[in-house]
Amino acid sequence: MATIKLSANKLDELKAVCKSFNNEKGELINVLHKAQGIFGYLPAEVQEVIAKELNISVAHVYGVVTFYSFFTMLPKGEHPVSICLGTACYVRGAEKVIDEFKRLLHVNVGETTPDGKFSLACLRCVGACGLAPVVLVGDKVYGRVSPEGVKDIVAEYAK
Amino acid sequence: METIKLTIDNKVIEVAKGTTILKAAKGAGIHIPSLCYLHLHDLNIENKPAGCRICVVEVQGRRNLAPACVTDCAEGMVVNTHNIRVLNSRKTVLELILSDHPTDCLICAKNGNCELQTMAQEFGIRKLHYEGEQSTYREDTSPAIIRDVDKCIMCRRCEMMCNDVQTVGVLSAVNRGFMSVVAPAFERNLDHSECTYCGQCVAVCPTGALTEVDHTNAVIRALADPSKTVVVQTAPAVRVALGEEFGLEAGTIVTGKLAAALRRLGFNFVFDTDFAADLTIMEEGTELLDRLTRHLNGDKDVPLPILTSCCPGWVNFFEHQFPEMMDIPSTARSPQQMFGAIAKTYFAEKIGIKREDMVVVSIMPCLAKKFECQRDEFSTNGNPDVDFSISTRELAHLIKQSNINFNELPEEDFDHPMGESTGAAVIFGTTGGVIEAAVRTAYEVQTGKKLQKVDFEELRGMEYIRQATIDFDGLPINIGIAHGLGNARKLLQDIKDGKSKFHAIEIMACPGGCIGGGGQPLHHGDSSIIKARQKAIYLEDAGKTIRKSHENPYIAKLYEEFLGKPMSEKAHHLLHTHYFDKSNDTVIE
């Protein structure tokens with residue numbers, strides 16, 4: 001079986017999160033949400049600890065993690081890039097924007113660059129349809145992004 | 001009780017409030033088909049995720065068709081279970097399921113025994129109108145169970161068994177939509193999970209998604225090898241279930257025909273695991289009395305209760321889930337392994353052959369036995385005590401392949417010496433049986449008195465957790481029984497919390513005990529079959545001349561000629577074992 005390797009303070013922090021939800025089974029999604037906030041992603045070890053704390057099976061935790069696209073088992077990059085694929089963004093060429101990111105960063109959607117700088121993800125409507133197509137880098141929103149504009153966005157963070 | 005009147009297919013019926021349409025219809029003799037729904041009435045197990053949508057019916061006044069398995073009856077409801085709208089819908093759903101299912105029925109392990117196949121046949125599906133992508137996933141072969149999730153229809157029965165009944169928690173639906181599969185955590189293979197190989201998932205799988213690892217060809221090869229002496233042992237629960245594979249009524253006892261069939265298959269010695277079950281009682285019973293006496297004499301280092309250890313699914317369970325309690329179960333090996341150890345030493349010596357030239361095959365109602373016989377500790381220089389373990393179902397295939405007309409076979413006896421057994425051994429096949437057998441022997445050994453009556457009705461039944469106090473001539477012995485691993489967990493938790501009052505506890509992984517094992521003929525949701533097998537077990541016991549293990553003359557001879565006495569050094573070496581901590585380790589860096 002897997003050997004769990006987590007740093008002691010991170011483990012304590014994770015256990016505290018579970019405790020803040022009274023170790024309730026029904027709070028699994030909230031716990032996962034917070035855990036992803038701490039670790040940036042949800043590695044197997046984290047899921048094992050949560051399962052133990054909430055007294056549910058790891059298989060169940062993994063089932064929930066793989067069901068929701070928000071949860072990820074891969075570490076995100078320093079600058080997570082998210083491209084909106086909502087209807088408005090889509091019809092205004094979001095797919096071409098994705099292709100340009102893929103070409104420039106040499107990664108697929110859901111992956112992280114080997115240097116850990118960028119990760120690429122898609123998301124659904126961020127409520128800024130007037131700015132379509134929309135790209136998020138971290139918390140910063142870029143509107144009316146064209147494929148040609150992608151290299152400038154990348155350059156801004158590549159330093 | 002509040003009742004409701006409704007009409008199903010023009011039939012007015014009255015049912016208790018809260019009854020589903022599916023159950024109400026069943027009570028009125030109307031069978032509504034379903035794939036995911038499963039109700040093992042006598043075992044109180046129900047699966048109704050309303051996932052397959054095959055059981056839809058038309059309810060007058062309701063816009064959509066209703067899934068009968070989860071829709072409660074209402075006063076004045078008018079239900080139609082087979083009008084054209086219902087039939088069309090059902091057929092469409094079935095075709096959609098089939099559109100993402102391999103059509104290799106001819107070479108599928110479940111061919112002829114598959115609920116999806118049967119339904120496609122009954123619905124007269126001759127053409128698939130929906131062509132498209134099929135989901136594919138890697139096959140996972142463990143020592144006992146094969147997962148081929150391409151054949152999974154997401155009925156979630158296995159998940160319910162693994163999580164709710166057994167509380168093993170290995171299986172869960174993972175991923176989403178078209179990509180979703182039922183899998184262990186992190187999509188590991190079963191042999192890297194906490195799977196106990198109890199096989200209850202296999203026992204309820206409607207398709208070929210979960211099947212056993214088939215060793216029949218290995219057995220055929222061994223039988224064809226002239227340099228090998230092939231010895232077979234057959235477990236108690238097999239003889240009350242095998243008949244079902246040949247069209248006999250559930251609960252038919254086929255012990256004599258079974259022995260005859262094994263002889264015709266070409267086994268050199270047709271023996272009985274029951275012999276080893278008697279041996280188990282000698283060892284486990286002695287261990288029980290030894291621990292009991294020392295505990296009552298105030299030795300704090302001797303833990304009670306003692307737990308039975310015959311069930312390999314249960315052994316796997318506590319090794320994974322309760323490693324801190326590994327000193328509580330008896331160290332006695334299971335009858336299958338005791339048999340193998342004695343066959344390849346005592347008996348091999350007797351007939352003058354080397355252990356390498358002997359092949360021991362076991363016929364088991366169980367899939368965990370396949371894993372058990374492959375454990376390293378049960379082999380000598382790489383030669384296993386039991387070479388192959390095949391299920392009741394595999395044996396039926398073997399008999400059919402070999403052109404043996406099972407039902408016409410004469411009744412024959414097992415061979416001597418390892419074919420002789422008592423009634424106490426037969427009842428190992430049902431929940432409550434091992435502990436009753438142990439009590440029959442322990443009582444007489446402890447008190448020095450003869451039992452007036454060997455039937456301990458208070459230990460019998462199908463209730464999940466049972467308890468009884470047996471009077472050992474003034475010494476009250478508290479006995480606990482649990483079957484189904486979820487129920488075992490409850491008793492274990494009590495022990496852990498220091499709340500257990502029991503001196504001895506019997507645990508069987510499968511609901512019903514071995515009669516409900518993962519290797520038995522498929523019950524397809526009819527739990528009365530398991531009850532019928534239980535009845536047959538007690539009938540077989542009652543018909544035996546000798547009904548107490550310590551009175552088995554061949555067991556006495558085995559001790560006299562070879563083992564010395566129970567728990568002797570030799571007995572320890574050959575008949576006892578130790579357990580391994582298989583839990584997760586949390587390593588903090």
# chains A, B, ... in the order shown; residues from 1 in each chain; ligands from 1
$ select_by_dssp --residues "stretch 64-152 of chain A" --states "strand (DSSP E)" --output "PyMOL selection string"
chain A and resi 79-84+118-123+135-137+140-142
$ interface_residues --of "chain A" --to "chain B" --cutoff "12 Å" --atoms "only C-alpha atoms" --output "NGL selection string"
:A and (1-12 or 42-49 or 51-52 or 55-69 or 71-73)
$ closest_residue --among "B:Leu279, B:Ile306, B:Cys373, B:Leu459" --to "B:Met567" --atoms "only C-alpha atoms"
B:Leu279
$ residues_around --residues "A:Leu131" --least-positions-apart "5" --cutoff "12 Å" --atoms "only C-alpha atoms" --output "ChimeraX atom specification"
/A:84,86,88-90,92,94,125-126,136,141-146
$ write_last_selection --atoms "C-alpha atoms" --output "short mmCIF file (atom, residue, chain, number, x, y, z; two decimals), in the first residue's frame"
data_model
loop_
_atom_site.label_atom_id
_atom_site.label_comp_id
_atom_site.auth_asym_id
_atom_site.auth_seq_id
_atom_site.Cartn_x
_atom_site.Cartn_y
_atom_site.Cartn_z
CA CYS A 84 -13.14 30.25 -20.70
CA GLY A 86 -18.47 29.21 -22.15
CA ALA A 88 -19.88 33.33 -25.75
CA CYS A 89 -16.13 32.80 -25.50
CA TYR A 90 -16.37 29.66 -27.56
CA ARG A 92 -15.66 34.15 -30.40
CA ALA A 94 -11.60 30.61 -27.52
CA CYS A 125 -18.39 31.01 -18.01
CA VAL A 126 -16.81 33.51 -15.63
CA LEU A 136 -7.55 34.13 -16.55
CA VAL A 141 -8.68 38.61 -16.17
CA TYR A 142 -7.73 39.26 -19.78
CA GLY A 143 -10.57 40.18 -22.17
CA ARG A 144 -10.96 40.00 -25.95
CA VAL A 145 -7.89 37.80 -26.23
CA SER A 146 -6.86 36.97 -29.77
#
$ select_by_dssp --residues "stretch 13-99 of chain B" --states "alpha helix (DSSP H)" --output "PyMOL selection string"
chain B and resi 21-27+84-99
$ residues_around --residues "A:Glu111" --least-positions-apart "3" --cutoff "8 Å" --atoms "only C-alpha atoms" --output "PyMOL selection string"
chain A and resi 74+76+107-108+119-121
$ residues_around --residues "B:Lys496" --least-positions-apart "5" --cutoff "12 Å" --atoms "only C-alpha atoms" --output "PDB file with C-alpha atoms, in the first residue's frame"
ATOM      1  CA  PRO B 303      -6.638 -12.111  25.080  1.00  0.00           C
ATOM      2  CA  LEU B 304     -10.257 -13.097  24.682  1.00  0.00           C
ATOM      3  CA  PRO B 305     -12.428 -13.443  22.712  1.00  0.00           C
ATOM      4  CA  PHE B 322      -7.647  -4.252  12.152  1.00  0.00           C
ATOM      5  CA  PRO B 323      -3.915  -5.034  12.182  1.00  0.00           C
ATOM      6  CA  GLU B 324      -3.678  -4.014  15.821  1.00  0.00           C
ATOM      7  CA  MET B 325      -5.891  -6.979  16.706  1.00  0.00           C
ATOM      8  CA  MET B 326      -3.960  -9.711  14.948  1.00  0.00           C
ATOM      9  CA  ILE B 328      -7.050 -12.242  18.709  1.00  0.00           C
ATOM     10  CA  ARG B 489     -16.641  -4.887  11.871  1.00  0.00           C
ATOM     11  CA  LYS B 490     -19.260  -4.063  14.507  1.00  0.00           C
ATOM     12  CA  LEU B 491     -18.137  -6.920  16.760  1.00  0.00           C
ATOM     13  CA  LYS B 501     -18.532  -9.821  26.459  1.00  0.00           C
TER      14      LYS B 501
END
$ residues_around --residues "B:Ala16" --least-positions-apart "5" --cutoff "7 Å" --atoms "only C-alpha atoms" --output "JSON, numbers by chain"
{"B": [1, 2, 3, 4]}
$ write_last_selection --atoms "C-alpha atoms" --output "compact mmCIF listing (two decimals), in the first residue's frame"
# COMPACT_ATOMS: atom_id res chain seq x y z
CA MET B 1 -50.55 -0.88 9.14
CA GLU B 2 -51.72 1.72 6.66
CA THR B 3 -52.50 0.25 3.26
CA ILE B 4 -52.97 1.63 -0.21
$ residues_around --residues "stretch 438-455 of chain B" --least-positions-apart "3" --cutoff "6 Å" --atoms "only C-alpha atoms" --output "VMD selection string"
chain B and resid 281 285 435 472
$ closest_residue --among "A:Leu123, A:Leu105, A:Ala35, A:Cys129" --to "A:Lys151" --atoms "only C-alpha atoms"
A:Leu105
